[in-house]
Each structure stands twice: as C-alpha cells, then as structure tokens.
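Each remark here refers to the structure printed beneath this line.
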Amino acid sequence: MLNNRPILKRYLHWCVINPTLSRPRWWVRLLRPLFTDCAWSSHIYSSSRMDVVPWHKFELGEHSVVESYSCVNNAVGDVVIGDNTRIGLHNTIIGPVTIGSHVNLAQGVVVSGLNHGFSDASKRIDEHPVTTAPIIIDDDVWIGANVTITAGISIGCHTVVGAGSVVTKSIPANSVAYGVPAKIMGRIS
C-alpha cells in the first residue's frame, strides 16, 4: 500500500523518525512496550539506546540482558535475541539480526546487517541507497570484545570469535576464529 504512495510513505516515516536525530520520536519510544516482545525475565538497562520502530520485529528472550550504553536498531530489519543471551556493554546491534540462545557478546561489539552504498560518484553519500543482509548467530556462541560482524554473516553454534576480530565471512559450528579478517584458527570438539 505505502510503496505505491511515496509521499505518504515519506510523511509517515517523518512522523515516526526524527530525520535530524535519526532515531524514533519520543512518543514512539514511549509506546515501545506495545509493539515489542520482551520476556518478563529479560532486562534492558535504561542507559541503552533502543531505536526500535513498529514496522520491524524486536524480540528479547527469557533471562536475556541488553547492557548499559548499547544501541539496538531495528529500523531496517528485525532484531531477534534468544533466551539467556547477554548483549554486553556498549554494543551496537543493527538489524536484520538473529541472535540465538546462550550467546555472550562482550563489550564494544558491532553487529550490523546494514551497508551504505557508495558506487555513484555523482551522488552525495547520503543519497546512496542502503542495503541489508541478515546476520545469524546460532546458539552457544561467545563473541569477544570489540568484534565487528558485517552484513550477511552466519556464525555456527558452539563457536568462539576472538577479541578485536572483523568477521567478513561466515564461520561454521564448533570453531575458534580470530583476526582481521577473522579466520578459523581451531576447532572445538
């Protein structure tokens, strides 16, 4: 319906997201409990920035935590976080992202399913389109501090990604990976 009416779509987008601040308006943030699915036993620290909009899914499983100073943004894709998962201090999660259960993200981790285009030199950078590719982090994964996970990546279950790594290729289950770019350095048996 809105795709056929670009002026209405732009207006509604403006009503929900402040274009200068690039975040949901105060009244959308106030109504967040009505359109998100957070388990009663989960916790989001008040210092976290929850840029959550109603047109994409946000779910936080049982006994999961979003630590202080983290930013979660579902404006371009769903963000689903499983049970018993910890999103560490100062993390940035930009959808589309699915994080399994029993996952630990240490401090300063960036998980972004979003990319900005920049192929046409005649356009300003803010005129280029954005692209998305889902990130999937399976159950029982440990992501070390200051890791960056790029769009379109899958990380298999029972995997460890070492601190400071940049993950540009998918990592299979039962692996230990680290480095820039991250490479598989061992297997967990």
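Lettering and numbering for the structure tokens are positional, with chains as A, B, ... in the shown order, residues counted from 1 in each chain, and ligands counted from 1 in the shown order.
Once Val80 (chain A) and its same-chain neighbours fewer than 2 positions away are set aside, Phe58, Glu59 and Thr98 of chain A remain within 6 Å of it when counting only C-alpha atoms.
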Mind dumping the selected residues with C-alpha atoms as a compact mmCIF listing (two decimals), in the first residue's frame?
```txt
# COMPACT_ATOMS: atom_id res chain seq x y z
CA PHE A 58 12.11 -6.75 18.12
CA GLU A 59 12.18 -9.75 20.45
CA THR A 98 19.02 -13.05 14.73
```
Contact residues around Cys15 (chain A) with only C-alpha atoms at 12 Å, ignoring same-chain residues under 6 positions, as an NGL selection string: :A and (8-9 or 22-28 or 53)
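Using only C-alpha atoms, the smallest distance between any of A:Asp37, A:Ala133, A:Gly100, A:Leu30 and Val76 (chain A) comes from A:Ala133.
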Counting only C-alpha atoms, what is within 10 Å of Thr150 (chain A), bar same-chain residues fewer than 4 positions away, as a list of chain:residue names? A:Val110, A:Val111, A:Ser112, A:Gly113, A:Leu114, A:Asn115, A:Ala133, A:Pro134, A:Ile135, A:Ser154, A:Val166, A:Val167, A:Thr168, A:Lys169, A:Ser170
Dump C-alpha atoms for the selected residues as a CSV table (one decimal), in the first residue's frame?
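Listed below is the output, result_9.csv:
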```
chain,number,residue,atom,x,y,z
A,110,VAL,CA,29.2,-4.2,16.5
A,111,VAL,CA,26.7,-6.5,14.7
A,112,SER,CA,25.3,-4.7,11.6
A,113,GLY,CA,23.2,-6.1,8.9
A,114,LEU,CA,23.2,-2.7,7.2
A,115,ASN,CA,25.5,-1.4,4.5
A,133,ALA,CA,21.7,-8.8,4.6
A,134,PRO,CA,20.7,-10.8,7.6
A,135,ILE,CA,23.2,-11.8,10.3
A,154,SER,CA,26.3,-16.7,9.8
A,166,VAL,CA,36.4,-8.4,12.0
A,167,VAL,CA,34.1,-11.1,10.7
A,168,THR,CA,33.7,-10.8,6.9
A,169,LYS,CA,33.0,-14.5,6.1
A,170,SER,CA,30.6,-17.0,7.7
```
Looking only at helix (DSSP H, G or I) from DSSP on the backbone, list the matching residues of region 25-113 of chain A as JSON, numbers by chain. {"A": [26, 27, 28, 29, 30, 32, 33, 34, 35]}
Export of prior selection with N, CA and C atoms as a short mmCIF file (atom, residue, chain, number, x, y, z; two decimals), in the first residue's frame:
```
data_model
loop_
_atom_site.label_atom_id
_atom_site.label_comp_id
_atom_site.auth_asym_id
_atom_site.auth_seq_id
_atom_site.Cartn_x
_atom_site.Cartn_y
_atom_site.Cartn_z
N TRP A 26 10.01 10.76 20.50
CA TRP A 26 9.79 10.44 21.91
C TRP A 26 8.52 9.64 22.12
N TRP A 27 7.46 9.93 21.37
CA TRP A 27 6.19 9.24 21.59
C TRP A 27 6.27 7.78 21.10
N VAL A 28 7.10 7.51 20.09
CA VAL A 28 7.30 6.14 19.63
C VAL A 28 8.08 5.36 20.69
N ARG A 29 9.09 5.99 21.28
CA ARG A 29 9.85 5.34 22.34
C ARG A 29 8.97 5.06 23.55
N LEU A 30 8.04 5.95 23.83
CA LEU A 30 7.11 5.78 24.95
C LEU A 30 6.19 4.57 24.72
N ARG A 32 6.93 1.89 22.98
CA ARG A 32 7.71 0.68 22.65
C ARG A 32 7.18 -0.60 23.30
N PRO A 33 6.77 -0.59 24.56
CA PRO A 33 6.27 -1.85 25.15
C PRO A 33 5.06 -2.44 24.43
N LEU A 34 4.34 -1.63 23.67
CA LEU A 34 3.15 -2.11 22.98
C LEU A 34 3.47 -2.89 21.69
N PHE A 35 4.63 -2.65 21.10
CA PHE A 35 4.93 -3.31 19.83
C PHE A 35 6.23 -4.12 19.84
#
```
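CA of Thr131 (chain A) sits 12.3 Å away from CA of Ser119 (chain A).
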All strand (DSSP E) positions in region 49-180 of chain A, as a VMD selection string: chain A and resid 49 to 51 58 to 60 65 to 66 71 to 73 79 to 81 86 to 87 92 to 94 97 to 99 104 to 105 110 to 112 114 to 116 130 to 132 135 to 137 141 to 143 148 to 149 154 to 155 159 to 161 166 to 167 175 to 178
Taking only C-alpha atoms into account, which of A:Ala39, A:Leu105, A:Ala75, A:Ile188 comes nearest Leu89 (chain A)? A:Leu105
One decimal, Å: what's the distance from CA of Gly61 (chain A) over to CA of Tyr45 (chain A), could you say? 15.0 Å
I'd like the contact shell of Gly144 (chain A) - 9 Å cut-off, only C-alpha atoms, skipping same-chain residues fewer than 4 positions apart - returned as number ranges by chain. A: 104-109, 160-165
Would you save the residues of that selection, restricted to C-alpha atoms, as a compact mmCIF listing (two decimals), in the first residue's frame?
```
# COMPACT_ATOMS: atom_id res chain seq x y z
CA ASN A 104 27.56 -13.81 25.05
CA LEU A 105 28.59 -10.64 23.27
CA ALA A 106 31.43 -8.97 25.18
CA GLN A 107 31.99 -5.20 25.30
CA GLY A 108 32.07 -2.95 22.23
CA VAL A 109 30.76 -5.49 19.72
CA VAL A 160 34.21 -18.51 19.83
CA VAL A 161 35.27 -15.33 18.00
CA GLY A 162 38.39 -13.72 19.49
CA ALA A 163 38.58 -10.11 20.67
CA GLY A 164 39.19 -7.40 18.08
CA SER A 165 38.25 -9.58 15.11
```
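The shortest atom-to-atom distance to Val176 (chain A), with only C-alpha atoms taken into account, belongs to A:Trp142 out of A:Ile125, A:Ile149, A:His13, A:Trp142.
By chain and then residue number, the residues within 6 Å of region 137-141 of chain A are Ile99, Gly100, Ser101, His102, Val103, Ser154, Ile155, Gly156, Cys157, His158, Thr159 and Val160 of chain A, counting only C-alpha atoms and disregarding those fewer than 6 positions away in sequence.
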Let's have the selection written as a PDB file, in the first residue's frame, with N, CA, C and O atoms.
```pdb
ATOM      1  N   ILE A  99      19.993 -13.495  16.885  1.00  0.00           N
ATOM      2  CA  ILE A  99      20.992 -13.988  17.834  1.00  0.00           C
ATOM      3  C   ILE A  99      20.325 -15.100  18.636  1.00  0.00           C
ATOM      4  O   ILE A  99      19.240 -14.907  19.199  1.00  0.00           O
ATOM      5  N   GLY A 100      20.960 -16.250  18.708  1.00  0.00           N
ATOM      6  CA  GLY A 100      20.388 -17.410  19.366  1.00  0.00           C
ATOM      7  C   GLY A 100      20.387 -17.320  20.879  1.00  0.00           C
ATOM      8  O   GLY A 100      20.583 -16.257  21.477  1.00  0.00           O
ATOM      9  N   SER A 101      20.195 -18.459  21.513  1.00  0.00           N
ATOM     10  CA  SER A 101      20.166 -18.569  22.975  1.00  0.00           C
ATOM     11  C   SER A 101      21.551 -18.913  23.514  1.00  0.00           C
ATOM     12  O   SER A 101      22.362 -19.528  22.819  1.00  0.00           O
ATOM     13  N   HIS A 102      21.806 -18.498  24.740  1.00  0.00           N
ATOM     14  CA  HIS A 102      23.082 -18.755  25.431  1.00  0.00           C
ATOM     15  C   HIS A 102      24.256 -18.167  24.649  1.00  0.00           C
ATOM     16  O   HIS A 102      25.299 -18.793  24.502  1.00  0.00           O
ATOM     17  N   VAL A 103      24.062 -16.948  24.168  1.00  0.00           N
ATOM     18  CA  VAL A 103      25.102 -16.237  23.426  1.00  0.00           C
ATOM     19  C   VAL A 103      25.628 -15.112  24.317  1.00  0.00           C
ATOM     20  O   VAL A 103      24.858 -14.430  24.991  1.00  0.00           O
ATOM     21  N   SER A 154      26.906 -15.662   8.893  1.00  0.00           N
ATOM     22  CA  SER A 154      26.347 -16.660   9.809  1.00  0.00           C
ATOM     23  C   SER A 154      27.479 -17.196  10.671  1.00  0.00           C
ATOM     24  O   SER A 154      28.577 -17.459  10.163  1.00  0.00           O
ATOM     25  N   ILE A 155      27.195 -17.346  11.965  1.00  0.00           N
ATOM     26  CA  ILE A 155      28.169 -17.926  12.891  1.00  0.00           C
ATOM     27  C   ILE A 155      27.503 -19.145  13.513  1.00  0.00           C
ATOM     28  O   ILE A 155      26.445 -19.030  14.135  1.00  0.00           O
ATOM     29  N   GLY A 156      28.113 -20.317  13.326  1.00  0.00           N
ATOM     30  CA  GLY A 156      27.531 -21.574  13.782  1.00  0.00           C
ATOM     31  C   GLY A 156      27.591 -21.739  15.283  1.00  0.00           C
ATOM     32  O   GLY A 156      28.338 -21.049  15.990  1.00  0.00           O
ATOM     33  N   CYS A 157      26.809 -22.693  15.791  1.00  0.00           N
ATOM     34  CA  CYS A 157      26.717 -22.906  17.238  1.00  0.00           C
ATOM     35  C   CYS A 157      28.045 -23.404  17.818  1.00  0.00           C
ATOM     36  O   CYS A 157      28.881 -23.962  17.114  1.00  0.00           O
ATOM     37  N   HIS A 158      28.203 -23.146  19.106  1.00  0.00           N
ATOM     38  CA  HIS A 158      29.380 -23.543  19.885  1.00  0.00           C
ATOM     39  C   HIS A 158      30.667 -23.014  19.251  1.00  0.00           C
ATOM     40  O   HIS A 158      31.609 -23.749  18.976  1.00  0.00           O
ATOM     41  N   THR A 159      30.662 -21.696  18.977  1.00  0.00           N
ATOM     42  CA  THR A 159      31.791 -21.037  18.317  1.00  0.00           C
ATOM     43  C   THR A 159      32.289 -19.888  19.184  1.00  0.00           C
ATOM     44  O   THR A 159      31.520 -19.244  19.885  1.00  0.00           O
ATOM     45  N   VAL A 160      33.580 -19.625  19.122  1.00  0.00           N
ATOM     46  CA  VAL A 160      34.206 -18.508  19.830  1.00  0.00           C
ATOM     47  C   VAL A 160      34.878 -17.622  18.785  1.00  0.00           C
ATOM     48  O   VAL A 160      35.616 -18.112  17.926  1.00  0.00           O
TER      49      VAL A 160
END
```
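Using only C-alpha atoms for every distance, the candidate list A:Phe118, A:His128, A:Thr148, A:His63 yields A:Thr148 as the residue closest to Thr92 (chain A).
The interatomic distance for the pair CA of Val147 (chain A) and CA of Val130 (chain A) works out to 22.2 Å.
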